[in-house]
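Printed here is input36.cif (mmCIF, C-alpha atoms and all ligand atoms):
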```cif
data_start
loop_
_atom_site.label_atom_id
_atom_site.label_comp_id
_atom_site.auth_asym_id
_atom_site.auth_seq_id
_atom_site.Cartn_x
_atom_site.Cartn_y
_atom_site.Cartn_z
CA MET A 16 150.64 154.88 0.44
CA GLN A 17 147.03 154.41 1.29
CA ASP A 18 147.72 150.77 2.12
CA SER A 19 150.56 151.61 4.46
CA HIS A 20 148.35 154.22 6.08
CA ARG A 21 145.63 151.70 6.55
CA ALA A 22 148.09 149.22 7.96
CA GLY A 23 149.33 151.87 10.37
CA ARG A 24 145.80 152.60 11.50
CA ASN A 25 145.05 148.93 12.00
CA MET A 26 148.16 148.54 14.01
CA LEU A 27 147.23 151.50 16.17
CA HIS A 28 143.77 150.07 16.60
CA SER A 29 145.18 146.77 17.71
CA LEU A 30 147.53 148.44 20.14
CA MET A 31 144.64 150.43 21.54
CA MET A 32 142.59 147.24 21.92
CA ILE A 33 145.42 145.53 23.79
CA TRP A 34 145.87 148.59 25.97
CA ALA A 35 142.20 148.72 26.70
CA PHE A 36 142.17 145.04 27.57
CA VAL A 37 145.13 145.37 29.88
CA LEU A 38 143.60 148.43 31.45
CA LEU A 39 140.26 146.72 31.86
CA SER A 40 141.88 143.60 33.25
CA CYS A 41 143.75 145.62 35.83
CA VAL A 42 140.60 147.44 36.86
CA THR A 43 138.38 144.31 37.08
CA ALA A 44 141.06 142.37 38.95
CA THR A 45 140.61 144.73 41.85
CA LYS A 46 136.83 144.84 41.70
CA VAL A 47 135.53 141.22 41.45
CA CYS A 48 133.47 140.01 44.43
CA PRO A 49 134.50 137.06 46.61
CA ARG A 50 132.15 134.12 47.00
CA PRO A 51 128.83 135.32 48.38
CA GLN A 52 128.29 134.86 52.11
CA GLU A 53 126.66 131.64 53.30
CA ILE A 54 123.23 131.98 54.85
CA GLN A 55 122.16 129.19 57.17
CA GLY A 56 119.49 127.01 55.64
CA ALA A 57 119.78 128.68 52.23
CA LEU A 58 121.67 128.33 48.96
CA TYR A 59 122.38 130.86 46.24
CA LYS A 60 122.39 130.74 42.47
CA PRO A 61 124.25 130.96 40.19
CA GLU A 62 127.42 129.47 41.55
CA LYS A 63 130.46 130.87 39.80
CA LEU A 64 134.17 131.13 40.43
CA VAL A 65 134.26 134.85 39.85
CA TYR A 66 131.51 137.46 40.21
CA GLU A 67 131.96 140.79 38.54
CA PRO A 68 130.36 144.04 39.54
CA SER A 69 126.65 144.12 38.85
CA ASN A 70 126.49 140.34 38.88
CA PHE A 71 123.91 139.10 41.35
CA VAL A 72 122.95 135.91 43.15
CA VAL A 73 119.53 134.85 44.39
CA TYR A 74 119.19 133.00 47.65
CA SER A 75 116.47 130.50 48.40
CA CYS A 76 115.70 128.44 51.53
CA LEU A 77 116.78 124.79 51.52
CA PRO A 78 114.20 122.05 51.86
CA GLY A 79 113.18 121.84 55.50
CA PHE A 80 113.59 125.56 55.98
CA VAL A 81 111.08 128.35 55.53
CA ARG A 82 111.70 131.95 54.61
CA GLN A 83 111.41 134.31 57.52
CA GLY A 84 111.86 137.59 55.70
CA GLY A 85 114.87 139.51 54.51
CA TYR A 86 116.06 140.32 51.02
CA ASN A 87 116.96 137.37 48.82
CA ARG A 88 119.14 139.09 46.20
CA ALA A 89 122.74 140.13 46.61
CA VAL A 90 124.55 142.31 44.06
CA CYS A 91 128.24 142.54 43.49
CA SER A 92 129.01 146.24 43.79
CA SER A 93 131.64 148.09 41.80
CA ALA A 94 133.63 148.22 45.02
CA GLY A 95 133.73 144.38 45.02
CA ILE A 96 131.40 144.01 48.01
CA TRP A 97 128.15 142.10 48.08
CA ILE A 98 125.24 144.18 49.13
CA HIS A 99 121.74 143.26 50.24
CA ALA A 100 121.81 139.68 51.38
CA SER A 101 119.62 139.55 54.46
CA LEU A 102 117.45 136.50 53.85
CA SER A 103 116.76 134.42 56.91
CA CYS A 104 115.54 130.81 56.78
CA ALA A 105 114.19 128.96 59.80
CA ARG A 106 113.84 125.25 60.34
CA ARG A 107 110.37 123.93 59.81
CA GLN A 108 108.52 122.73 62.89
CA CYS A 109 106.56 119.55 63.30
CA SER A 110 103.46 119.56 65.49
CA LEU A 111 103.83 118.16 69.00
CA SER A 112 100.32 117.65 70.19
CA ASP A 113 100.45 113.86 70.37
CA THR A 114 100.67 111.86 73.54
CA LEU A 115 101.46 108.18 73.75
CA GLU A 116 99.08 106.19 75.89
CA ASN A 117 100.98 104.05 78.42
CA GLY A 118 104.23 105.46 77.10
CA ASP A 119 106.45 108.49 76.84
CA ILE A 120 107.59 110.77 74.04
CA THR A 121 110.95 112.46 74.55
CA TYR A 122 112.48 115.10 72.33
CA GLU A 123 114.82 118.06 72.40
CA ASN A 124 112.69 120.21 70.14
CA ASN A 125 110.23 119.78 67.29
CA LYS A 126 112.29 121.28 64.47
CA PHE A 127 113.40 119.85 61.12
CA GLN A 128 115.85 116.95 61.50
CA ASN A 129 115.10 116.52 65.18
CA VAL A 130 114.24 113.08 66.46
CA VAL A 131 111.55 112.16 68.97
CA ARG A 132 111.90 108.88 70.81
CA PHE A 133 109.04 106.68 71.88
CA SER A 134 109.11 104.35 74.84
CA CYS A 135 106.49 102.38 76.70
CA LYS A 136 105.88 102.03 80.41
CA GLU A 137 106.89 98.89 82.21
CA GLY A 138 104.64 96.03 81.18
CA PHE A 139 103.87 97.53 77.77
CA VAL A 140 105.39 96.68 74.41
CA LEU A 141 106.09 99.21 71.66
CA ILE A 142 104.34 98.39 68.41
CA GLY A 143 105.78 100.57 65.61
CA ALA A 144 108.87 102.74 65.28
CA ASN A 145 110.79 103.73 68.41
CA SER A 146 111.72 107.11 66.94
CA SER A 147 110.49 109.59 64.36
CA THR A 148 112.27 112.40 62.54
CA CYS A 149 110.86 115.79 61.66
CA ASN A 150 111.25 115.78 57.87
CA GLU A 151 111.52 118.55 55.35
CA SER A 152 107.75 118.78 54.91
CA GLY A 153 107.39 119.57 58.60
CA LYS A 154 105.92 116.15 59.26
CA TRP A 155 107.09 113.37 61.54
CA ASN A 156 108.18 110.71 59.12
CA GLU A 157 106.89 107.80 61.19
CA SER A 158 103.40 107.43 62.48
CA LEU A 159 102.76 107.32 66.22
CA PRO A 160 103.41 103.84 67.64
CA THR A 161 101.20 102.21 70.25
CA CYS A 162 102.03 100.66 73.58
CA GLN A 163 100.35 97.34 74.01
CA SER A 164 100.01 95.64 77.33
CA MET A 165 102.25 92.67 77.89
CA THR A 166 100.21 89.49 77.92
CA CYS A 167 100.54 86.27 79.80
CA PRO A 168 99.37 82.90 78.50
CA GLN A 169 97.16 80.67 80.60
CA PRO A 170 98.59 80.42 84.10
CA PRO A 171 100.07 77.17 85.40
CA VAL A 172 97.86 75.14 87.72
CA PRO A 173 99.57 73.30 90.57
CA ALA A 174 98.95 69.62 91.21
CA PHE A 175 96.07 69.10 93.66
CA GLY A 176 94.97 72.68 93.11
CA GLN A 177 92.84 74.80 90.84
CA LEU A 178 92.17 78.36 89.86
CA SER A 179 89.48 80.00 91.94
CA TYR A 180 89.64 83.28 90.02
CA TYR A 181 90.73 83.64 86.41
CA ARG A 182 89.37 86.16 83.89
CA PRO A 183 91.30 86.09 80.62
CA ASP A 184 90.18 88.16 77.66
CA GLU A 185 88.42 86.76 74.61
CA ARG A 186 91.79 85.65 73.16
CA ASN A 187 92.45 83.61 76.31
CA VAL A 188 95.29 85.83 77.45
CA SER A 189 95.71 88.02 80.53
CA LYS A 190 97.10 91.51 80.61
CA TYR A 191 100.02 92.87 82.59
CA GLN A 192 99.16 93.05 86.31
CA ASP A 193 96.07 90.87 85.97
CA MET A 194 95.70 88.51 88.89
CA VAL A 195 94.62 84.94 89.33
CA LYS A 196 93.73 83.21 92.57
CA TYR A 197 94.43 79.63 93.51
CA GLU A 198 92.88 77.17 95.88
CA CYS A 199 93.94 73.67 96.84
CA HIS A 200 91.70 70.64 96.72
CA SER A 201 90.13 69.94 100.07
CA ASN A 202 92.56 68.56 102.64
CA TYR A 203 95.52 69.81 100.64
CA ALA A 204 97.57 72.56 102.16
CA MET A 205 98.77 75.62 100.25
CA PHE A 206 102.41 76.64 100.34
CA GLY A 207 103.11 80.02 98.82
CA ASN A 208 100.94 82.93 97.81
CA ASP A 209 97.36 82.21 96.80
CA THR A 210 97.53 84.89 94.09
CA ALA A 211 99.76 85.18 91.04
CA THR A 212 100.23 88.26 88.87
CA CYS A 213 100.94 88.66 85.16
CA THR A 214 104.44 90.21 85.19
CA ALA A 215 106.13 92.67 82.84
CA SER A 216 108.11 89.75 81.40
CA GLY A 217 104.90 88.11 80.20
CA ASN A 218 104.92 85.25 82.64
CA TRP A 219 103.13 84.61 85.89
CA SER A 220 104.65 85.17 89.28
CA GLN A 221 105.24 82.02 91.27
CA ALA A 222 102.16 79.80 91.68
CA PRO A 223 101.64 78.16 95.07
CA GLU A 224 102.05 74.46 95.77
CA CYS A 225 99.39 72.16 97.14
CA ARG A 226 100.73 69.42 99.36
CA ASP A 227 99.11 66.49 101.05
CA VAL A 228 99.73 67.31 104.69
CA THR A 229 98.83 64.78 107.35
CA CYS A 230 99.03 64.73 111.10
CA ASP A 231 99.59 61.75 113.37
CA ARG A 232 97.04 60.79 115.99
CA PRO A 233 96.36 63.78 118.18
CA PRO A 234 97.95 63.54 121.63
CA GLU A 235 95.93 62.10 124.53
CA ILE A 236 95.61 64.33 127.55
CA GLN A 237 95.52 63.41 131.21
CA ASN A 238 92.10 63.51 132.86
CA GLY A 239 90.55 64.36 129.52
CA PHE A 240 89.27 62.86 126.28
CA MET A 241 88.71 63.60 122.60
CA SER A 242 85.31 63.95 121.08
CA VAL A 243 85.85 61.83 117.97
CA LEU A 244 86.67 58.30 117.14
CA LEU A 245 90.36 58.26 116.59
CA HIS A 246 91.98 57.12 113.40
CA GLN A 247 95.60 56.75 112.48
CA ARG A 248 96.09 59.75 110.23
CA TYR A 249 94.47 63.12 109.81
CA HIS A 250 94.53 65.58 106.95
CA TYR A 251 95.29 69.23 106.95
CA LYS A 252 92.46 71.26 108.59
CA GLU A 253 90.85 68.24 110.25
CA THR A 254 89.98 68.88 113.86
CA VAL A 255 89.53 67.14 117.16
CA THR A 256 87.72 68.57 120.18
CA TYR A 257 88.99 68.01 123.68
CA GLY A 258 87.03 67.65 126.91
CA CYS A 259 87.84 66.95 130.57
CA LYS A 260 86.62 64.58 133.27
CA PRO A 261 83.99 66.02 135.63
CA ASN A 262 85.30 68.81 137.89
CA TYR A 263 88.41 69.18 135.73
CA VAL A 264 88.72 72.38 133.78
CA LEU A 265 90.09 72.64 130.24
CA ASP A 266 92.92 75.16 130.08
CA GLY A 267 93.00 76.59 126.54
CA PRO A 268 90.85 76.18 123.42
CA ARG A 269 88.83 73.03 122.94
CA VAL A 270 89.48 72.54 119.22
CA SER A 271 92.80 71.49 117.73
CA PHE A 272 93.60 71.66 113.99
CA CYS A 273 95.95 69.63 111.92
CA ASN A 274 98.04 72.54 110.61
CA LEU A 275 100.31 73.29 107.63
CA THR A 276 103.37 71.73 109.21
CA GLY A 277 101.52 68.53 110.03
CA GLU A 278 101.20 69.34 113.68
CA TRP A 279 98.25 69.69 116.00
CA THR A 280 97.83 73.31 116.91
CA ILE A 281 97.14 72.76 120.61
CA ARG A 282 97.54 70.25 123.39
CA PRO A 283 95.29 71.52 126.13
CA LYS A 284 95.51 70.54 129.79
CA CYS A 285 92.78 69.45 132.18
CA ARG A 286 93.37 71.29 135.41
CA ALA A 287 92.52 69.43 138.64
CA PRO A 288 89.97 70.64 141.22
CA CYS A 289 91.06 71.49 144.78
CA LYS A 290 89.95 69.99 148.03
CA VAL A 291 89.23 72.78 150.45
CA ASN A 292 91.10 72.09 153.66
CA ILE A 293 88.76 71.27 156.47
CA LYS A 294 89.38 74.52 158.37
CA LYS A 295 86.11 75.99 159.47
CA ALA A 296 85.57 79.34 157.93
CA THR A 297 83.06 81.63 156.36
CA VAL A 298 84.39 82.84 153.03
CA LEU A 299 83.30 84.72 149.96
CA TYR A 300 82.67 82.22 147.19
CA ASN A 301 81.19 83.25 143.86
CA GLY A 302 80.32 86.59 145.49
CA ARG A 303 78.44 85.06 148.39
CA LYS A 304 79.27 84.50 152.05
CA THR A 305 79.46 80.74 152.33
CA LYS A 306 80.46 78.35 155.09
CA VAL A 307 83.33 76.21 153.82
CA ASP A 308 81.48 73.14 155.14
CA ASP A 309 78.64 73.91 152.75
CA ILE A 310 80.75 73.77 149.58
CA ALA A 311 79.65 70.69 147.65
CA HIS A 312 81.98 67.77 148.26
CA GLY A 313 84.45 70.27 149.74
CA MET A 314 85.77 70.73 146.19
CA ILE A 315 86.31 73.83 144.13
CA GLN A 316 87.40 73.93 140.52
CA HIS A 317 90.64 75.07 139.00
CA GLY A 318 90.60 78.86 138.83
CA ASP A 319 87.96 79.27 141.56
CA THR A 320 88.78 81.75 144.28
CA LEU A 321 87.86 81.76 147.94
CA THR A 322 88.11 85.04 149.80
CA TYR A 323 89.04 84.64 153.46
CA TYR A 324 88.48 87.12 156.27
CA CYS A 325 91.70 87.67 158.19
CA LYS A 326 91.33 89.26 161.62
CA ASP A 327 93.31 92.43 162.04
CA SER A 328 95.87 92.32 164.89
CA LYS A 329 93.82 94.85 166.81
CA GLU A 330 90.86 92.55 166.22
CA LYS A 331 88.51 95.29 165.33
CA CYS A 332 88.19 94.59 161.65
CA SER A 333 89.06 92.01 158.97
CA HIS A 334 91.04 92.02 155.77
CA LEU A 335 89.84 90.20 152.64
CA THR A 336 92.47 87.83 151.29
CA ASP A 337 92.09 85.71 148.16
CA SER A 338 93.28 82.21 147.57
CA GLN A 339 92.87 80.50 144.25
CA CYS A 340 92.69 76.86 143.23
CA GLN A 341 95.63 76.20 140.87
CA ASP A 342 95.50 72.76 139.23
CA GLY A 343 94.74 70.91 142.47
CA VAL A 344 96.79 73.15 144.70
CA PHE A 345 95.00 75.34 147.22
CA ALA A 346 96.32 76.94 150.38
CA VAL A 347 94.43 78.74 153.12
CA PRO A 348 95.95 82.21 153.49
CA SER A 349 98.49 82.22 156.31
CA CYS A 350 96.83 85.25 157.91
CA TYR A 351 93.65 83.30 158.46
CA LYS A 352 93.25 81.98 162.01
CA GLU A 353 90.53 79.49 162.73
CA PRO A 354 88.36 80.62 165.69
CA LYS A 355 89.67 78.80 168.78
CA TRP A 356 86.31 78.41 170.49
CA LEU A 357 82.91 77.82 169.17
CA TRP A 358 81.77 81.08 170.70
CA SER A 359 84.69 83.10 169.34
CA LYS A 360 83.56 85.86 167.12
CA GLU A 361 83.85 84.89 163.42
CA PRO A 362 86.22 87.28 161.58
CA SER A 363 83.64 87.42 158.82
CA ASN A 364 81.35 89.22 161.24
CA LEU A 365 83.85 92.00 161.87
CA PRO A 366 83.61 95.06 159.76
CA VAL A 367 85.95 95.08 156.80
CA CYS A 368 89.02 97.19 157.45
CA SER A 369 89.16 100.29 155.32
CA GLU A 370 91.74 100.10 152.53
CA ALA A 371 93.82 102.89 154.08
CA SER A 372 94.52 101.08 157.36
C1 LIG B 401 115.10 101.51 68.21
O1 LIG B 401 114.95 100.55 67.17
C2 LIG B 401 116.17 100.23 66.51
C3 LIG B 401 115.83 99.32 65.34
O2 LIG B 401 114.53 98.92 65.34
C4 LIG B 401 117.11 99.57 67.51
O3 LIG B 401 118.33 99.25 66.91
C5 LIG B 401 117.36 100.53 68.65
O4 LIG B 401 118.16 99.89 69.64
C6 LIG B 401 116.05 100.96 69.27
N1 LIG B 401 116.32 101.98 70.27
C7 LIG B 401 115.82 101.94 71.50
C8 LIG B 401 116.18 103.07 72.41
O5 LIG B 401 115.09 101.03 71.86
C1 LIG B 402 107.53 113.48 55.49
O1 LIG B 402 106.82 112.47 56.20
C2 LIG B 402 105.50 112.31 55.79
C3 LIG B 402 104.88 111.29 56.71
O2 LIG B 402 105.61 110.10 56.69
C4 LIG B 402 105.44 111.87 54.35
O3 LIG B 402 104.08 111.76 53.93
C5 LIG B 402 106.15 112.89 53.48
O4 LIG B 402 106.22 112.43 52.16
C6 LIG B 402 107.55 113.11 54.02
N1 LIG B 402 108.17 114.17 53.28
C7 LIG B 402 109.30 114.01 52.66
C8 LIG B 402 109.75 115.18 51.90
O5 LIG B 402 109.94 112.97 52.75
C1 LIG B 403 112.47 108.36 59.06
O1 LIG B 403 113.72 108.97 59.18
C2 LIG B 403 114.75 108.15 59.72
C3 LIG B 403 115.99 109.00 59.87
O2 LIG B 403 116.28 109.68 58.73
C4 LIG B 403 114.96 106.95 58.81
O3 LIG B 403 115.93 106.10 59.38
C5 LIG B 403 113.66 106.21 58.66
O4 LIG B 403 113.81 105.15 57.77
C6 LIG B 403 112.59 107.15 58.17
N1 LIG B 403 111.32 106.46 58.12
C7 LIG B 403 110.50 106.50 57.09
C8 LIG B 403 109.21 105.77 57.20
O5 LIG B 403 110.81 107.08 56.07
C1 LIG B 404 90.34 79.34 75.90
O1 LIG B 404 90.73 78.27 76.77
C2 LIG B 404 89.72 77.37 77.06
C3 LIG B 404 90.21 76.40 78.10
O2 LIG B 404 91.52 75.97 77.79
C4 LIG B 404 89.28 76.67 75.76
O3 LIG B 404 88.24 75.78 76.03
C5 LIG B 404 88.80 77.73 74.77
O4 LIG B 404 88.51 77.14 73.55
C6 LIG B 404 89.90 78.78 74.57
N1 LIG B 404 89.35 79.86 73.74
C7 LIG B 404 90.06 80.42 72.78
C8 LIG B 404 89.38 81.54 72.05
O5 LIG B 404 91.20 80.05 72.50
C1 LIG B 405 100.68 87.71 97.57
O1 LIG B 405 101.06 88.44 96.41
C2 LIG B 405 100.41 89.70 96.33
C3 LIG B 405 100.75 90.30 95.00
O2 LIG B 405 101.99 89.89 94.54
C4 LIG B 405 100.88 90.57 97.49
O3 LIG B 405 100.24 91.82 97.43
C5 LIG B 405 100.51 89.88 98.78
O4 LIG B 405 101.01 90.61 99.85
C6 LIG B 405 101.09 88.48 98.82
N1 LIG B 405 100.55 87.82 99.98
C7 LIG B 405 101.33 87.12 100.80
C8 LIG B 405 100.64 86.48 101.95
O5 LIG B 405 102.54 87.02 100.63
C1 LIG B 406 109.59 85.23 84.17
O1 LIG B 406 110.47 85.60 83.12
C2 LIG B 406 111.65 86.27 83.56
C3 LIG B 406 112.41 86.75 82.35
O2 LIG B 406 112.43 85.75 81.36
C4 LIG B 406 112.46 85.33 84.44
O3 LIG B 406 113.61 85.98 84.92
C5 LIG B 406 111.61 84.90 85.61
O4 LIG B 406 112.31 83.97 86.39
C6 LIG B 406 110.30 84.29 85.15
N1 LIG B 406 109.46 84.08 86.32
C7 LIG B 406 108.81 82.93 86.54
C8 LIG B 406 107.98 82.86 87.76
O5 LIG B 406 108.92 81.97 85.79
C1 LIG B 407 101.52 74.23 113.64
O1 LIG B 407 101.34 74.06 115.01
C2 LIG B 407 102.53 73.94 115.77
C3 LIG B 407 102.15 73.63 117.19
O2 LIG B 407 101.29 74.63 117.66
C4 LIG B 407 103.32 75.23 115.64
O3 LIG B 407 104.56 75.12 116.35
C5 LIG B 407 103.59 75.49 114.21
O4 LIG B 407 104.24 76.75 114.07
C6 LIG B 407 102.29 75.50 113.42
N1 LIG B 407 102.60 75.66 112.05
C7 LIG B 407 102.08 76.65 111.33
C8 LIG B 407 102.49 76.69 109.90
O5 LIG B 407 101.29 77.45 111.79
#
```
This entry written out as structure tokens:
Amino acid sequence: MQDSHRAGRNMLHSLMMIWAFVLLSCVTATKVCPRPQEIQGALYKPEKLVYEPSNFVVYSCLPGFVRQGGYNRAVCSSAGIWIHASLSCARRQCSLSDTLENGDITYENNKFQNVVRFSCKEGFVLIGANSSTCNESGKWNESLPTCQSMTCPQPPVPAFGQLSYYRPDERNVSKYQDMVKYECHSNYAMFGNDTATCTASGNWSQAPECRDVTCDRPPEIQNGFMSVLLHQRYHYKETVTYGCKPNYVLDGPRVSFCNLTGEWTIRPKCRAPCKVNIKKATVLYNGRKTKVDDIAHGMIQHGDTLTYYCKDSKEKCSHLTDSQCQDGVFAVPSCYKEPKWLWSKEPSNLPVCSEAS
């Protein structure tokens, strides 16, 4: 009897336990929390499939992020809602004070995982990394590179020429944009630019050429001569000097050069003097009133001017009219009339007509 009673009690107990379990299961099934919310730059612990009321998770910032305030614990409430999860994590920042000499640093921002890019100006070469990443310690993971000037080896020297200016550094190299100057041996002519520049590609711009330029015998000129003993060939820059026979006038420069194209720069002319026609007259010559008869040998030189007095039709005054000797050609002005009689009044003795009349 006692045994059956006990068995009955046990059975009841078991039934109650099952009931309680079922009841509890039903209640908890409606109250578990979903996965906790994600917070950018943070993770939570512990990670479980199911969180029951009063369970909690603790958030912490991921590497590369720093806590910026907020509450880091979240609790699963009996209503199945997480409460209190307000942590905020911000990306770490790397410092940006550096500048790259002879180069540029470009970046979007200076935060964790961002990349800065390094580049050098034209003519400079990047030594080191071309980019750097802001790492989780808030440091750029690569050190700052340098921009080194492009260098040029010793410049080429043209045949028959030499360098007149060249200043390499102690390692015998030149830097980007350094210049050298060339000259040609004497009598050699330069073709091209006398300076060359160290380029961004590390070579020199085109060097000039030195060529042996010669000229033939300079041309003879009529009524003139050359001041030197003539030889068959002349070199670049050699000169001859021209002169003219007495009374002839050299038209142009006296000195001719053998030039770059192997030609003489000039071929001057000797201009002939003029015979002054016998007509009796008093004229202005070299600023003086002179009788034509008194001009030496009746000759004037090329370019000389005689000013004649032409009688005005009313015969009360005279006009001044020039006539110039042009390479042997000289003409008395048509307005000039020779006095018919010895006692006729010379036009040069008349007053000069005023410009207005
Ligand atoms: C940076 O360097 C890497 C490897 O050194 C190279 O593949 C890449 O093209 C470079 N980037 C630039 C912009 O020069
Ligand atoms: C970040 O970069 C710096 C500089 O290169 C280095 O010393 C440090 O160890 C790096 N931090 C990590 C976490 O990689
Ligand atoms: C820096 O970070 C970049 C990108 O993660 C990586 O490719 C590079 O190897 C790193 N450099 C160093 C020195 O760790
Ligand atoms: C530089 O070049 C000159 C001429 O070619 C040579 O005599 C000299 O030894 C060189 N110096 C160095 C440091 O290479
Ligand atoms: C020679 O080259 C220099 C530099 O390249 C330039 O400035 C100059 O004008 C050039 N001279 C001539 C005559 O072409
Ligand atoms: C210099 O080098 C560049 C690139 O290699 C080439 O294009 C150029 O023709 C070179 N210049 C001279 C004067 O050799
Ligand atoms: C050389 O002189 C000739 C004759 O005056 C001229 O035609 C030529 O252009 C000159 N050449 C040069 C390079 O000056």
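Closest approach to Val81 (chain A) from the set A:Cys199, A:Ala222, A:Val47, A:Ala105 is made by A:Ala105, with distances taken over all atoms listed in the file.
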Using all atoms listed in the file, find each residue with an atom at most 10 Å away from ligand LIG 405 (chain B) and format the answer as a PDB file with C-alpha atoms, in the coordinates of the input.
```pdb
ATOM      1  CA  GLN A 192      99.160  93.050  86.310  1.00  0.00           C
ATOM      2  CA  MET A 194      95.700  88.510  88.890  1.00  0.00           C
ATOM      3  CA  VAL A 195      94.620  84.940  89.330  1.00  0.00           C
ATOM      4  CA  LYS A 196      93.730  83.210  92.570  1.00  0.00           C
ATOM      5  CA  GLY A 207     103.110  80.020  98.820  1.00  0.00           C
ATOM      6  CA  ASN A 208     100.940  82.930  97.810  1.00  0.00           C
ATOM      7  CA  ASP A 209      97.360  82.210  96.800  1.00  0.00           C
ATOM      8  CA  THR A 210      97.530  84.890  94.090  1.00  0.00           C
ATOM      9  CA  ALA A 211      99.760  85.180  91.040  1.00  0.00           C
ATOM     10  CA  THR A 212     100.230  88.260  88.870  1.00  0.00           C
ATOM     11  CA  CYS A 213     100.940  88.660  85.160  1.00  0.00           C
ATOM     12  CA  THR A 214     104.440  90.210  85.190  1.00  0.00           C
ATOM     13  CA  SER A 220     104.650  85.170  89.280  1.00  0.00           C
ATOM     14  CA  GLN A 221     105.240  82.020  91.270  1.00  0.00           C
ATOM     15  CA  ALA A 222     102.160  79.800  91.680  1.00  0.00           C
ATOM     16  CA  PRO A 223     101.640  78.160  95.070  1.00  0.00           C
TER      17      PRO A 223
END
```
Pick out the residues sitting within 6 Å of His250 (chain A), and hand them over as a PyMOL selection string; count all atoms listed in the file, and ignore anything fewer than 3 positions along from it in its own chain.
chain A and resi 202+228-229+253
How would you write, as JSON, numbers by chain, the set of residues no farther than 7 Å from ligand LIG 407 (chain B) when counting all atoms listed in the file?
{"A": [274, 275, 276, 277, 278, 279, 280, 281]}
Applying 9 Å and all atoms listed in the file, which residues near Gly267 (chain A) remain after dropping the ones on its own chain fewer than 6 positions away? List them as a VMD selection string.
chain A and resid 281 to 284
Neighbourhood query: residues within 12 Å of (81.2, 84.8, 151.4), file coordinates, counting only C-alpha atoms; return as a PyMOL selection string.
chain A and resi 296-307+309-310+320-324+335-337+362-364
Using all atoms listed in the file, find all polymer residues with an atom at most 12 Å away from the point (130.7, 142.5, 48.0); report them as an NGL selection string.
:A and (45-52 or 65-72 or 89-100)
Write to file, as a tab-separated table (two decimals), in the coordinates of the input, the residues of the selection just made, with C-alpha atoms.
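Final output, saved to again.tsv:
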```tsv
chain	number	residue	atom	x	y	z
A	45	THR	CA	140.61	144.73	41.85
A	46	LYS	CA	136.83	144.84	41.70
A	47	VAL	CA	135.53	141.22	41.45
A	48	CYS	CA	133.47	140.01	44.43
A	49	PRO	CA	134.50	137.06	46.61
A	50	ARG	CA	132.15	134.12	47.00
A	51	PRO	CA	128.83	135.32	48.38
A	52	GLN	CA	128.29	134.86	52.11
A	65	VAL	CA	134.26	134.85	39.85
A	66	TYR	CA	131.51	137.46	40.21
A	67	GLU	CA	131.96	140.79	38.54
A	68	PRO	CA	130.36	144.04	39.54
A	69	SER	CA	126.65	144.12	38.85
A	70	ASN	CA	126.49	140.34	38.88
A	71	PHE	CA	123.91	139.10	41.35
A	72	VAL	CA	122.95	135.91	43.15
A	89	ALA	CA	122.74	140.13	46.61
A	90	VAL	CA	124.55	142.31	44.06
A	91	CYS	CA	128.24	142.54	43.49
A	92	SER	CA	129.01	146.24	43.79
A	93	SER	CA	131.64	148.09	41.80
A	94	ALA	CA	133.63	148.22	45.02
A	95	GLY	CA	133.73	144.38	45.02
A	96	ILE	CA	131.40	144.01	48.01
A	97	TRP	CA	128.15	142.10	48.08
A	98	ILE	CA	125.24	144.18	49.13
A	99	HIS	CA	121.74	143.26	50.24
A	100	ALA	CA	121.81	139.68	51.38
```
Any chance you could tabulate, as a Markdown table, the residues of chain A at most 7 Å from ligand LIG 401 (chain B) with each one's nearest atom pair and distance in Å to one decimal, using only C-alpha atoms and all ligand atoms, in chain and rising number order?
```
| residue | atom | partner | partner_atom | distance |
| --- | --- | --- | --- | --- |
| A:Ala144 | CA | B:LIG401 | O1 | 6.7 |
| A:Asn145 | CA | B:LIG401 | C1 | 4.9 |
| A:Ser146 | CA | B:LIG401 | C1 | 6.7 |
```
Please, which residues in chain A fall within 6 Å of ligand LIG 402 (chain B) when counting all atoms listed in the file, and what is the closest atom pair and distance in Å to one decimal for each, ordered by chain then residue number, as a Markdown table?
```
| residue | atom | partner | partner_atom | distance |
| --- | --- | --- | --- | --- |
| A:Asn150 | CA | B:LIG402 | C1 | 5.0 |
| A:Glu151 | CA | B:LIG402 | C8 | 5.1 |
| A:Ser152 | CA | B:LIG402 | N1 | 4.9 |
| A:Lys154 | CA | B:LIG402 | O1 | 4.9 |
| A:Trp155 | CA | B:LIG402 | O1 | 5.4 |
| A:Asn156 | CA | B:LIG402 | O2 | 3.6 |
| A:Glu157 | CA | B:LIG402 | O2 | 5.2 |
```
Nearest candidate to Gly118 (chain A) (options A:Asn292, A:Ser158, A:Ser103, A:Gln163; using all atoms listed in the file)
A:Gln163
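When only C-alpha atoms and all ligand atoms are used to compute distances to ligand LIG 406 (chain B), the closest of the residues A:Ala215, A:Cys350, A:Val172, A:Val270 turns out to be A:Ala215.
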How would you write, as a list in words, the set of residues no farther than 7 Å from ligand LIG 404 (chain B) when counting all atoms listed in the file?
Glu185, Arg186 and Asn187 of chain A
Go ahead and compute the interatomic distance for CA of Met165 (chain A) and CA of Ser216 (chain A), in Å to one decimal.
7.4 Å
Rank nothing, just name the residue among A:Leu245, A:Lys295, A:Val255, A:Gly217 nearest to ligand LIG 406 (chain B), using only C-alpha atoms and all ligand atoms.
A:Gly217
